[in-house]
Amino acid sequence: MTTLLRSRPLRLDELSEADVPFRTGHFLAYAPKDFHRIAYVDWGDPESRRVIICVHGLSRQGRDFDQLAFALAKMGYRVICPDLPGRGLSGWLRDPELYALPQYAADMAALIAHLNLKGEIDWIGTSLGGLTGMVLASAQDTPIRRLVINDIGPFLPWAPIRHIGDRLRDAPRLHHNLASGESRLRIVLGAFGPLTDEQWRHIAIHSFFPEPTGGWRPHYDPAIGQAFRPGRVYSVSMWRDWDAITCPVLLLRGVESDLLLRETADEMTRRGPRTYRVEIPGCGHAPALLDPDQIRIVTDWMGPAV
């Protein structure tokens with residue numbers, strides 16, 4: 001089995017234009033009564049006919065996919081890693097009630113149009129990014145030809161959703177230094193699995209922005225947690241979307257995940273699209289896809305761009 005990964009994770013400061021072309025971009029997307037910026041990182045040959053879009057989880061951003069995107073770009077893919085609105089370098093929404101799947105799906109459809117992506121695309125989504133991919137893949141005449149879903153499914157139990165909301169509301173609005181922010185990430189994102197110090201630092205660098213008056217703030221709009229406030233949390237069912245998907249699916253599940261229950265993953269392989277499932281030990285919600293072995297699961301399933 002051939003792999004293009006090195007024996008240790010590759011740092012961004014080791015990349016060069018000769019390795020993989022690396023670009024950033026943005027465009028204006030629309031929400032009711034508001035335009036907002038959507039930022040993205042664009043890896044690989046911009047002329048490649050094989051395109052993959054990678055979308056992050058609720059409180060994360062597109063740079064989480066740097067290692068995976070690099071590996072896929074080396075295989076000939078063009079890989080687009082956007083920041084959803086309210087995260088990373090993308091703009092915040094004026095109305096926090098719009099931080100929901102309909103807006104995310106609309107913004108990602110706008111991304112596809114902005115980049116003038118013609119033909120079919122592949123989609124890799126972690127958690128919320130996986131739900132967004134499910135919505136788009138279930139639509140009539142969808143351009144998505146293959147779907148990778150990282151630790152999420154069409155049934156979400158209320159208890160872990162409430163925990164996510166509590167974590168967002170309890171998050172400090174400012175850290176005195178980046179090391180303090182990284183320490184918190186190591187705790188609240190511990191379910192990502194065992195990561196190296198270098199990997200934690202990479203996550204932290206893109207998770208906090210320096211404030212002009214001092215300190216480091218989280219990269220996301222605190223209002224993304226409003227949908228999870230007390231009294232608004234309930235179990236979610238999206239089986240109708242799942243059953244409408246026709247493209248092949250790679251389903252990744254952290255063995256210790258409390259959001260993608262084992263029985264939900266079992267049901268996902270019995271109904272709906274043709275699904276290949278991989279359980280990842282040592283992880284809960286959700287595997288970080290920074291470990292070379294986890295990256296190989298995805299690259300082997302995708303195969304070289306042809």
# chains A, B, ... in the order shown; residues from 1 in each chain; ligands from 1

$ residues_around --residues "segment 248-252 of chain A" --least-positions-apart "5" --cutoff "6 Å" --atoms "only C-alpha atoms" --output "ChimeraX atom specification"
/A:146-151,274-278

$ write_last_selection --atoms "all heavy atoms" --output "compact mmCIF listing (two decimals), in the first residue's frame"
# COMPACT_ATOMS: atom_id res chain seq x y z
N ARG A 146 -18.76 11.71 -3.46
CA ARG A 146 -18.34 10.87 -2.35
C ARG A 146 -18.34 11.71 -1.08
O ARG A 146 -18.08 12.91 -1.12
CB ARG A 146 -16.93 10.29 -2.57
CG ARG A 146 -16.85 9.28 -3.68
CD ARG A 146 -15.46 8.66 -3.79
NE ARG A 146 -14.45 9.66 -4.09
CZ ARG A 146 -13.16 9.38 -4.30
NH1 ARG A 146 -12.74 8.13 -4.24
NH2 ARG A 146 -12.30 10.33 -4.59
N LEU A 147 -18.63 11.05 0.04
CA LEU A 147 -18.83 11.77 1.29
C LEU A 147 -18.07 11.06 2.40
O LEU A 147 -18.23 9.86 2.60
CB LEU A 147 -20.32 11.82 1.60
CG LEU A 147 -20.80 12.53 2.86
CD1 LEU A 147 -20.45 14.00 2.85
CD2 LEU A 147 -22.32 12.35 3.00
N VAL A 148 -17.22 11.82 3.11
CA VAL A 148 -16.55 11.31 4.30
C VAL A 148 -17.15 12.04 5.50
O VAL A 148 -17.13 13.27 5.57
CB VAL A 148 -15.03 11.56 4.26
CG1 VAL A 148 -14.37 11.05 5.55
CG2 VAL A 148 -14.41 10.87 3.04
N ILE A 149 -17.72 11.28 6.43
CA ILE A 149 -18.34 11.85 7.62
C ILE A 149 -17.54 11.44 8.84
O ILE A 149 -17.38 10.25 9.12
CB ILE A 149 -19.81 11.37 7.75
CG1 ILE A 149 -20.62 11.85 6.56
CG2 ILE A 149 -20.41 11.87 9.05
CD1 ILE A 149 -22.06 11.44 6.61
N ASN A 150 -17.03 12.42 9.56
CA ASN A 150 -16.18 12.18 10.71
C ASN A 150 -16.96 12.37 12.01
O ASN A 150 -17.20 13.48 12.45
CB ASN A 150 -14.97 13.12 10.68
CG ASN A 150 -13.98 12.84 11.80
OD1 ASN A 150 -13.99 11.77 12.41
ND2 ASN A 150 -13.13 13.81 12.09
N ASP A 151 -17.41 11.27 12.58
CA ASP A 151 -18.00 11.19 13.91
C ASP A 151 -19.26 12.04 14.07
O ASP A 151 -19.37 12.85 15.00
CB ASP A 151 -16.98 11.55 14.99
CG ASP A 151 -17.32 10.87 16.31
OD1 ASP A 151 -17.15 9.65 16.40
OD2 ASP A 151 -17.80 11.55 17.24
N ARG A 274 -24.57 3.44 0.52
CA ARG A 274 -23.56 2.40 0.74
C ARG A 274 -22.44 3.00 1.58
O ARG A 274 -21.77 3.94 1.16
CB ARG A 274 -23.03 1.91 -0.61
CG ARG A 274 -21.94 0.86 -0.52
CD ARG A 274 -21.76 0.18 -1.88
NE ARG A 274 -21.63 1.17 -2.95
CZ ARG A 274 -20.46 1.66 -3.36
NH1 ARG A 274 -19.34 1.30 -2.76
NH2 ARG A 274 -20.42 2.53 -4.35
N THR A 275 -22.23 2.45 2.77
CA THR A 275 -21.36 3.08 3.77
C THR A 275 -20.29 2.11 4.25
O THR A 275 -20.59 0.97 4.65
CB THR A 275 -22.19 3.56 4.98
OG1 THR A 275 -23.17 4.50 4.53
CG2 THR A 275 -21.30 4.20 6.03
N TYR A 276 -19.05 2.58 4.19
CA TYR A 276 -17.90 1.85 4.74
C TYR A 276 -17.53 2.51 6.06
O TYR A 276 -17.26 3.70 6.10
CB TYR A 276 -16.73 1.88 3.77
CG TYR A 276 -15.49 1.19 4.28
CD1 TYR A 276 -15.48 -0.19 4.49
CD2 TYR A 276 -14.34 1.92 4.55
CE1 TYR A 276 -14.34 -0.82 4.96
CE2 TYR A 276 -13.19 1.29 5.01
CZ TYR A 276 -13.20 -0.08 5.22
OH TYR A 276 -12.07 -0.71 5.68
N ARG A 277 -17.50 1.74 7.12
CA ARG A 277 -17.33 2.29 8.47
C ARG A 277 -15.99 1.89 9.06
O ARG A 277 -15.57 0.75 8.95
CB ARG A 277 -18.47 1.78 9.35
CG ARG A 277 -18.33 2.05 10.84
CD ARG A 277 -19.57 1.50 11.52
NE ARG A 277 -19.46 1.38 12.95
CZ ARG A 277 -20.37 0.76 13.70
NH1 ARG A 277 -21.44 0.21 13.14
NH2 ARG A 277 -20.21 0.69 15.00
N VAL A 278 -15.34 2.85 9.71
CA VAL A 278 -14.07 2.61 10.40
C VAL A 278 -14.17 3.16 11.81
O VAL A 278 -14.51 4.33 12.01
CB VAL A 278 -12.88 3.27 9.67
CG1 VAL A 278 -11.59 3.04 10.45
CG2 VAL A 278 -12.76 2.75 8.24

$ select_by_dssp --residues "segment 100-172 of chain A" --states "helix (DSSP H, G or I)" --output "MDAnalysis selection string"
chainID A and resid 101:114 128:137 158:170

$ write_last_selection --atoms "C-alpha atoms" --output "mmCIF file, in the first residue's frame"
data_model
loop_
_atom_site.group_PDB
_atom_site.id
_atom_site.type_symbol
_atom_site.label_atom_id
_atom_site.label_comp_id
_atom_site.auth_asym_id
_atom_site.auth_seq_id
_atom_site.Cartn_x
_atom_site.Cartn_y
_atom_site.Cartn_z
ATOM 1 C CA LEU A 101 -27.561 24.194 9.035
ATOM 2 C CA PRO A 102 -29.646 26.079 6.419
ATOM 3 C CA GLN A 103 -27.197 29.009 6.436
ATOM 4 C CA TYR A 104 -24.129 26.772 6.483
ATOM 5 C CA ALA A 105 -25.427 24.737 3.541
ATOM 6 C CA ALA A 106 -26.257 27.911 1.615
ATOM 7 C CA ASP A 107 -22.798 29.374 2.264
ATOM 8 C CA MET A 108 -21.063 26.187 1.118
ATOM 9 C CA ALA A 109 -23.208 26.117 -2.015
ATOM 10 C CA ALA A 110 -22.110 29.715 -2.581
ATOM 11 C CA LEU A 111 -18.477 28.601 -2.135
ATOM 12 C CA ILE A 112 -18.928 25.998 -4.871
ATOM 13 C CA ALA A 113 -20.389 28.676 -7.148
ATOM 14 C CA HIS A 114 -17.699 31.234 -6.259
ATOM 15 C CA LEU A 128 -21.043 19.975 11.964
ATOM 16 C CA GLY A 129 -19.163 19.805 8.659
ATOM 17 C CA GLY A 130 -20.458 16.272 8.249
ATOM 18 C CA LEU A 131 -24.036 17.365 8.899
ATOM 19 C CA THR A 132 -23.642 20.144 6.325
ATOM 20 C CA GLY A 133 -22.344 17.585 3.849
ATOM 21 C CA MET A 134 -25.316 15.332 4.574
ATOM 22 C CA VAL A 135 -27.724 18.172 3.800
ATOM 23 C CA LEU A 136 -26.018 18.978 0.505
ATOM 24 C CA ALA A 137 -25.497 15.336 -0.507
ATOM 25 C CA TRP A 158 -29.582 15.622 23.576
ATOM 26 C CA ALA A 159 -27.123 15.023 26.453
ATOM 27 C CA PRO A 160 -23.840 15.512 24.511
ATOM 28 C CA ILE A 161 -25.416 18.428 22.640
ATOM 29 C CA ARG A 162 -26.162 20.083 25.984
ATOM 30 C CA HIS A 163 -22.562 19.447 27.056
ATOM 31 C CA ILE A 164 -21.286 21.147 23.904
ATOM 32 C CA GLY A 165 -23.465 24.167 24.656
ATOM 33 C CA ASP A 166 -22.241 24.326 28.243
ATOM 34 C CA ARG A 167 -18.645 24.203 27.049
ATOM 35 C CA LEU A 168 -19.191 27.067 24.617
ATOM 36 C CA ARG A 169 -20.886 29.252 27.226
ATOM 37 C CA ASP A 170 -18.201 28.536 29.828
#

$ select_by_dssp --residues "segment 77-250 of chain A" --states "strand (DSSP E or B)" --output "VMD selection string"
chain A and resid 78 to 82 121 to 126 144 to 150 155 to 156 175 208 to 210 216 to 218 236 to 237 249 to 250

$ write_last_selection --atoms "N, CA and C atoms" --output "compact mmCIF listing (two decimals), in the first residue's frame"
# COMPACT_ATOMS: atom_id res chain seq x y z
N ARG A 78 -7.33 19.01 -5.67
CA ARG A 78 -7.46 20.37 -5.18
C ARG A 78 -8.35 20.31 -3.94
N VAL A 79 -7.90 20.88 -2.83
CA VAL A 79 -8.59 20.74 -1.56
C VAL A 79 -8.94 22.13 -1.02
N ILE A 80 -10.22 22.35 -0.77
CA ILE A 80 -10.71 23.63 -0.28
C ILE A 80 -11.17 23.46 1.17
N CYS A 81 -10.62 24.29 2.06
CA CYS A 81 -10.95 24.20 3.49
C CYS A 81 -11.50 25.54 3.97
N PRO A 82 -12.81 25.71 3.96
CA PRO A 82 -13.40 26.99 4.35
C PRO A 82 -13.57 27.12 5.86
N ILE A 121 -17.82 16.83 -6.88
CA ILE A 121 -16.82 17.11 -5.86
C ILE A 121 -16.95 16.05 -4.76
N ASP A 122 -15.88 15.91 -3.99
CA ASP A 122 -15.90 15.06 -2.80
C ASP A 122 -15.98 15.96 -1.57
N TRP A 123 -16.54 15.42 -0.50
CA TRP A 123 -16.78 16.21 0.71
C TRP A 123 -16.27 15.45 1.93
N ILE A 124 -15.49 16.14 2.75
CA ILE A 124 -15.03 15.59 4.03
C ILE A 124 -15.53 16.53 5.12
N GLY A 125 -16.32 16.01 6.05
CA GLY A 125 -16.89 16.86 7.09
C GLY A 125 -16.73 16.25 8.46
N THR A 126 -16.18 17.04 9.38
CA THR A 126 -16.09 16.64 10.78
C THR A 126 -17.27 17.24 11.53
N ILE A 144 -22.10 16.39 -5.07
CA ILE A 144 -21.24 15.57 -4.21
C ILE A 144 -21.25 14.13 -4.69
N ARG A 145 -20.07 13.60 -5.02
CA ARG A 145 -19.98 12.24 -5.54
C ARG A 145 -19.51 11.24 -4.48
N ARG A 146 -18.76 11.71 -3.46
CA ARG A 146 -18.34 10.87 -2.35
C ARG A 146 -18.34 11.71 -1.08
N LEU A 147 -18.63 11.05 0.04
CA LEU A 147 -18.83 11.77 1.29
C LEU A 147 -18.07 11.06 2.40
N VAL A 148 -17.22 11.82 3.11
CA VAL A 148 -16.55 11.31 4.30
C VAL A 148 -17.15 12.04 5.50
N ILE A 149 -17.72 11.28 6.43
CA ILE A 149 -18.34 11.85 7.62
C ILE A 149 -17.54 11.44 8.84
N ASN A 150 -17.03 12.42 9.56
CA ASN A 150 -16.18 12.18 10.71
C ASN A 150 -16.96 12.37 12.01
N PHE A 155 -28.71 10.89 13.86
CA PHE A 155 -29.36 11.02 15.16
C PHE A 155 -28.37 11.56 16.16
N LEU A 156 -28.74 12.68 16.84
CA LEU A 156 -27.88 13.32 17.82
C LEU A 156 -28.61 13.33 19.16
N HIS A 175 -7.76 35.01 26.86
CA HIS A 175 -6.66 34.36 27.56
C HIS A 175 -5.48 35.33 27.62
N PHE A 208 -6.92 30.98 18.28
CA PHE A 208 -6.95 32.23 19.04
C PHE A 208 -6.32 33.35 18.21
N PHE A 209 -6.89 34.55 18.36
CA PHE A 209 -6.37 35.73 17.68
C PHE A 209 -5.90 36.74 18.72
N PRO A 210 -4.76 37.38 18.48
CA PRO A 210 -4.30 38.39 19.45
C PRO A 210 -5.17 39.64 19.41
N TRP A 216 -5.46 37.00 24.12
CA TRP A 216 -5.82 36.21 22.95
C TRP A 216 -7.28 35.77 23.08
N ARG A 217 -8.07 36.02 22.07
CA ARG A 217 -9.49 35.66 22.10
C ARG A 217 -9.73 34.45 21.21
N PRO A 218 -10.74 33.62 21.54
CA PRO A 218 -11.10 32.51 20.65
C PRO A 218 -11.47 33.02 19.26
N VAL A 236 -31.86 15.32 17.98
CA VAL A 236 -32.06 15.72 16.58
C VAL A 236 -32.08 14.48 15.71
N SER A 237 -33.04 14.41 14.80
CA SER A 237 -33.12 13.30 13.85
C SER A 237 -33.06 13.85 12.43
N VAL A 249 -20.25 6.48 1.06
CA VAL A 249 -19.88 7.21 2.26
C VAL A 249 -18.80 6.44 3.03
N LEU A 250 -17.80 7.17 3.50
CA LEU A 250 -16.85 6.66 4.48
C LEU A 250 -17.24 7.26 5.82

$ residues_around --residues "Asp34 of chain A" --least-positions-apart "2" --cutoff "10 Å" --atoms "only C-alpha atoms" --output "JSON, numbers by chain"
{"A": [28, 29, 30, 31, 32, 36, 93, 94, 95]}

$ closest_residue --among "A:Tyr40, A:Phe22, A:Tyr77, A:Phe192" --to "Gln294 of chain A" --atoms "only C-alpha atoms"
A:Phe192

$ residues_around --residues "Ile280 of chain A" --least-positions-apart "5" --cutoff "12 Å" --atoms "only C-alpha atoms" --output "list in words"
Asn150, Asp151, Ala191, Phe192, Gly193, Pro194, Leu251, Leu252, Arg253, Gly254, Val255, Glu256, Ser257, His285, Ala286, Pro287, Ala288, Leu289, Asp291, Asp293, Gln294, Ile295 and Ile297 of chain A

$ closest_residue --among "A:Cys247, A:Cys283, A:Leu178, A:Ala100" --to "Gly215 of chain A" --atoms "only C-alpha atoms"
A:Leu178
